[in-house]
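What's in work-v7.txt: compact mmCIF, C-alpha atoms
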```txt
# COMPACT_ATOMS: atom_id res chain seq x y z
CA MET A 28 120.85 76.80 130.30
CA ILE A 29 119.45 78.66 127.30
CA LEU A 30 116.29 77.22 125.80
CA VAL A 31 116.00 77.60 122.04
CA ALA A 32 112.65 77.32 120.29
CA PRO A 33 112.50 74.54 117.68
CA ARG A 34 112.97 75.70 114.12
CA THR A 35 109.83 75.90 112.04
CA ARG A 36 109.99 74.67 108.47
CA LYS A 37 109.94 77.20 105.66
CA ARG A 38 107.24 75.27 103.82
CA LEU A 39 104.67 76.34 106.41
CA PHE A 40 104.94 80.01 105.48
CA LEU A 41 105.14 79.26 101.76
CA SER A 42 102.04 77.06 101.90
CA LEU A 43 100.07 79.74 103.71
CA ILE A 44 101.26 82.42 101.29
CA LEU A 45 100.21 80.34 98.29
CA ALA A 46 96.82 79.70 99.87
CA SER A 47 96.52 83.43 100.59
CA PHE A 48 97.25 84.20 96.95
CA PHE A 49 94.53 81.85 95.68
CA ILE A 50 92.02 83.30 98.14
CA THR A 51 92.96 86.80 97.02
CA ALA A 52 92.61 85.83 93.36
CA LEU A 53 89.19 84.27 93.98
CA SER A 54 88.09 87.32 95.96
CA VAL A 55 89.13 89.63 93.14
CA TYR A 56 87.25 87.48 90.63
CA GLY A 57 84.18 87.42 92.87
CA LEU A 58 84.29 91.19 93.25
CA TRP A 59 84.47 91.61 89.48
CA SER A 60 81.63 89.13 88.88
CA ILE A 61 79.35 90.99 91.27
CA SER A 62 80.18 94.44 89.92
CA ALA A 63 80.26 93.52 86.20
CA PRO A 64 76.48 93.83 85.55
CA GLY A 65 76.35 97.26 87.13
CA LEU A 66 79.46 98.37 85.30
CA SER A 67 78.09 97.21 81.95
CA SER A 68 75.02 99.37 82.46
CA ILE A 69 77.35 102.37 82.58
CA SER A 70 79.53 101.32 79.67
CA ALA A 71 80.00 98.11 77.72
CA TYR A 72 83.77 98.59 77.90
CA LEU A 73 83.94 99.23 81.64
CA PRO A 74 83.76 95.57 82.79
CA VAL A 75 86.55 94.68 80.36
CA ALA A 76 88.69 97.57 81.57
CA ILE A 77 88.16 96.66 85.23
CA ALA A 78 88.84 93.00 84.44
CA LEU A 79 92.11 94.01 82.79
CA VAL A 80 93.15 96.02 85.85
CA PHE A 81 92.27 93.15 88.19
CA ALA A 82 94.11 90.69 85.95
CA ILE A 83 97.25 92.83 86.08
CA ILE A 84 97.04 93.02 89.87
CA VAL A 85 96.57 89.25 90.24
CA PHE A 86 99.35 88.51 87.75
CA THR A 87 101.71 90.87 89.59
CA ILE A 88 100.98 89.14 92.89
CA PHE A 89 101.43 85.72 91.28
CA ALA A 90 104.72 86.74 89.66
CA SER A 91 105.93 88.12 92.98
CA VAL A 92 105.06 84.92 94.85
CA LEU A 93 106.68 82.82 92.11
CA GLY A 94 109.79 85.00 92.15
CA PHE A 95 109.95 84.69 95.92
CA ILE A 96 109.82 80.89 95.70
CA LEU A 97 112.44 80.80 92.92
CA ALA A 98 114.74 83.01 94.98
CA LEU A 99 114.22 80.69 97.91
CA MET A 100 115.24 77.76 95.70
CA GLY A 101 118.48 79.54 94.86
CA PHE A 102 117.65 81.00 91.45
CA ARG A 103 119.05 84.44 90.78
CA THR A 104 116.49 87.24 90.68
CA PHE A 105 116.76 90.97 90.14
CA ASP A 106 116.91 93.06 93.31
CA ALA A 107 114.04 95.27 92.13
CA PHE A 108 111.86 92.23 91.48
CA LEU A 109 112.81 90.72 94.82
CA GLY A 110 111.81 93.99 96.46
CA LEU A 111 108.38 93.70 94.85
CA ALA A 112 108.17 90.12 96.07
CA TRP A 113 108.94 91.22 99.63
CA SER A 114 106.21 93.86 99.44
CA THR A 115 103.76 91.19 98.30
CA MET A 116 104.78 88.91 101.17
CA TYR A 117 104.10 91.67 103.69
CA LEU A 118 100.76 92.34 101.98
CA LEU A 119 99.67 88.70 102.21
CA PHE A 120 101.17 88.04 105.64
CA PRO A 121 98.09 89.08 107.72
CA LEU A 122 95.89 86.78 105.62
CA ALA A 123 98.43 83.97 106.02
CA VAL A 124 98.26 84.38 109.81
CA ARG A 125 94.46 84.18 109.76
CA LEU A 126 94.58 81.08 107.56
CA GLY A 127 97.03 79.52 109.97
CA ARG A 128 94.60 79.99 112.83
CA LEU A 129 91.95 78.04 110.90
CA PHE A 130 94.36 75.09 110.83
CA LYS A 131 95.37 75.61 114.47
CA VAL A 132 98.74 77.08 113.52
CA SER A 133 99.74 79.82 115.94
CA LYS A 134 100.89 83.25 114.84
CA GLU A 135 104.26 82.54 116.46
CA GLN A 136 104.75 79.48 114.25
CA VAL A 137 103.95 81.48 111.13
CA GLU A 138 106.33 84.22 112.23
CA ARG A 139 109.13 81.72 112.89
CA SER A 140 108.60 80.16 109.48
CA PHE A 141 108.69 83.61 107.89
CA ILE A 142 111.96 84.38 109.69
CA GLU A 143 113.42 81.09 108.43
CA VAL A 144 112.43 82.05 104.89
CA SER A 145 113.85 85.55 105.28
CA ASN A 146 117.16 84.34 106.71
CA HIS A 147 117.47 81.72 103.97
CA LEU A 148 117.01 84.36 101.27
CA ILE A 149 119.60 86.63 102.85
CA ARG A 150 122.11 83.77 103.09
CA ASN A 151 121.50 82.84 99.45
CA ARG A 152 122.48 86.34 98.36
CA HIS A 153 126.02 85.76 99.69
CA ILE A 154 126.44 89.39 100.68
CA ARG A 155 130.07 90.34 101.24
CA VAL A 156 131.16 93.68 102.66
CA ALA A 157 134.31 95.03 104.25
CA ALA A 158 134.33 94.81 108.05
CA ASN A 159 134.36 98.58 108.46
CA ARG A 160 131.31 98.87 106.18
CA LEU A 161 129.28 96.49 108.33
CA LEU A 162 127.29 97.53 111.39
CA ILE A 163 126.24 95.16 114.16
CA LEU A 164 123.05 96.46 115.72
CA ALA A 165 122.02 94.87 119.02
CA PRO A 166 119.04 95.56 121.30
CA HIS A 167 119.47 96.93 124.80
CA CYS A 168 117.52 93.99 126.23
CA LEU A 169 120.60 91.80 125.78
CA GLN A 170 122.28 93.63 128.64
CA HIS A 171 121.85 92.12 132.10
CA GLU A 172 118.99 93.85 133.87
CA SER A 173 121.06 94.79 136.92
CA CYS A 174 124.09 96.05 134.98
CA PRO A 175 124.94 99.64 136.02
CA HIS A 176 127.02 100.48 132.95
CA LYS A 177 125.53 102.64 130.20
CA ILE A 178 126.31 100.91 126.91
CA THR A 179 123.80 102.58 124.60
CA ARG A 180 125.98 105.68 124.42
CA ASP A 181 129.26 103.79 124.27
CA VAL A 182 129.30 100.00 124.03
CA SER A 183 132.92 99.95 125.19
CA ASN A 184 131.57 100.73 128.67
CA CYS A 185 130.75 97.03 128.86
CA ARG A 186 133.02 95.27 131.37
CA SER A 187 132.58 91.83 129.73
CA CYS A 188 131.65 90.29 133.06
CA GLY A 189 129.97 87.33 131.38
CA ARG A 190 126.48 87.87 132.79
CA CYS A 191 125.08 88.65 129.32
CA GLN A 192 126.02 88.31 125.65
CA VAL A 193 127.04 91.94 125.14
CA GLY A 194 130.60 91.14 126.13
CA ASP A 195 130.76 88.37 123.53
CA LEU A 196 129.48 90.72 120.85
CA LEU A 197 132.04 93.33 121.86
CA LYS A 198 134.79 90.72 121.63
CA VAL A 199 133.73 89.77 118.09
CA ALA A 200 133.43 93.42 117.07
CA ARG A 201 136.93 94.19 118.33
CA LYS A 202 138.40 91.06 116.77
CA TYR A 203 137.07 91.83 113.29
CA LYS A 204 137.04 95.63 113.73
CA VAL A 205 133.33 95.85 113.04
CA PRO A 206 131.29 98.79 114.40
CA LEU A 207 128.90 97.68 117.15
CA ALA A 208 126.00 99.64 118.59
CA VAL A 209 123.47 98.79 121.29
CA VAL A 210 120.17 100.63 120.92
CA THR A 211 117.01 101.02 122.96
CA GLY A 212 114.54 101.18 120.09
CA GLY A 213 113.78 101.93 116.46
CA THR A 214 114.38 105.68 116.69
CA LEU A 215 117.89 105.29 118.06
CA ALA A 216 118.57 102.43 115.64
CA ARG A 217 117.74 104.63 112.65
CA LYS A 218 119.91 107.39 114.08
CA VAL A 219 122.88 105.04 114.49
CA VAL A 220 122.47 103.64 110.98
CA LYS A 221 122.35 107.17 109.59
CA GLN A 222 125.51 108.11 111.50
CA HIS A 223 127.51 105.08 110.34
CA SER A 224 126.04 104.81 106.81
CA PRO A 225 127.00 101.11 106.58
CA GLN A 226 126.80 99.03 103.44
CA ALA A 227 125.10 96.26 105.40
CA VAL A 228 123.55 95.88 108.85
CA LEU A 229 123.64 92.74 110.96
CA ALA A 230 120.65 93.30 113.24
CA ILE A 231 119.73 91.29 116.31
CA ALA A 232 116.13 91.29 117.47
CA CYS A 233 113.56 89.09 119.14
CA GLU A 234 111.04 87.24 116.97
CA ARG A 235 108.27 89.69 117.84
CA ASP A 236 110.22 92.64 116.43
CA LEU A 237 111.37 90.70 113.37
```
Structure translated into structure tokens:
Amino acid sequence: MILVAPRTRKRLFLSLILASFFITALSVYGLWSISAPGLSSISAYLPVAIALVFAIIVFTIFASVLGFILALMGFRTFDAFLGLAWSTMYLLFPLAVRLGRLFKVSKEQVERSFIEVSNHLIRNRHIRVAANRLLILAPHCLQHESCPHKITRDVSNCRSCGRCQVGDLLKVARKYKVPLAVVTGGTLARKVVKQHSPQAVLAIACERDL
């Protein structure tokens, strides 16, 4: 029997990210308030200039968070803007984890919620590619620990004995004629992606790596 962890709601991650944004905004304002008197002694225009820079930073973070939420709700956003939103999420993620601990929310719960959000965004993009332009990337840990066959060099070495899920993946890959690779780590994964140059990658990984 395979035990599956319960799905964590997306609102958990979004709530923590919003809280992280407000804390960041307040911290930036506090930093400016403390430094403003000293800056004004150097130049009367310096506090205004610094305030403008801080305002742009805070607005950019706010716009990124808002764009992220709108994309999650299904609204169409530009890829470049969504990329900025992702960068902001990764920037605020450590703070979100620390906030979660204050409310007795484990890091694993925050990570699961983040994965739910990420998967939802990917599904909403409705990405369609030809089978031969897709690459299925699977980790070596899926293989049964006592299996003697080397599948990282050639996944077709799998005998589909049923003791692990690699045989099922191979069956799907052959059925739809999709390239499949089993890798031992990030270095080999990047090498395989470079070799195949796919239009999209369907990657399988444990929650820790995601």
Find the residues around Gly194 in chain A up to 7 Å (all atoms listed in the file counted), leave out those fewer than 5 positions away in its own chain, and share them as a list of chain:residue names.
-> A:Cys185, A:Ser187, A:Gly189
Restricted to C-alpha atoms, what would the selected residues look like written as an mmCIF file, keeping the file's coordinate frame?
```cif
data_model
loop_
_atom_site.group_PDB
_atom_site.id
_atom_site.type_symbol
_atom_site.label_atom_id
_atom_site.label_comp_id
_atom_site.auth_asym_id
_atom_site.auth_seq_id
_atom_site.Cartn_x
_atom_site.Cartn_y
_atom_site.Cartn_z
ATOM 1 C CA CYS A 185 130.750 97.030 128.860
ATOM 2 C CA SER A 187 132.580 91.830 129.730
ATOM 3 C CA GLY A 189 129.970 87.330 131.380
#
```
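Our summary of the geometry notes that CA of Lys177 in chain A is positioned 19.5 Å from CA of Val220 in chain A.
The interatomic distance for the pair CA of Thr87 in chain A and CA of Arg103 in chain A works out to 18.5 Å.
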Write out as a ChimeraX atom specification the residues lying within 12 Å of Val80 in chain A, counting all atoms listed in the file and excluding same-chain residues fewer than 5 positions away.
-> /A:55-56,59,73-75,85-87
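Of the residues under consideration (A:Ser133, A:Asn151, A:Thr115, A:Asn184), A:Asn151 shows the shortest atom-to-atom contact distance to Met100 in chain A when counting only C-alpha atoms.
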May I have the residues within 8 Å of Phe40 in chain A as a VMD selection string, using only C-alpha atoms and disregarding those fewer than 5 positions away in the same chain?
-> chain A and resid 123 137 140 to 141 144
Produce a file of the selected residues containing C-alpha atoms, as a compact mmCIF listing (two decimals), in the coordinates of the input.
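And here is the file that came out, again_9.txt:
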```txt
# COMPACT_ATOMS: atom_id res chain seq x y z
CA ALA A 123 98.43 83.97 106.02
CA VAL A 137 103.95 81.48 111.13
CA SER A 140 108.60 80.16 109.48
CA PHE A 141 108.69 83.61 107.89
CA VAL A 144 112.43 82.05 104.89
```
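With distances restricted to all atoms listed in the file, A:Lys37 is the closest residue to Glu138 in chain A from A:Lys218, A:Lys37, A:Arg186, A:Arg150.
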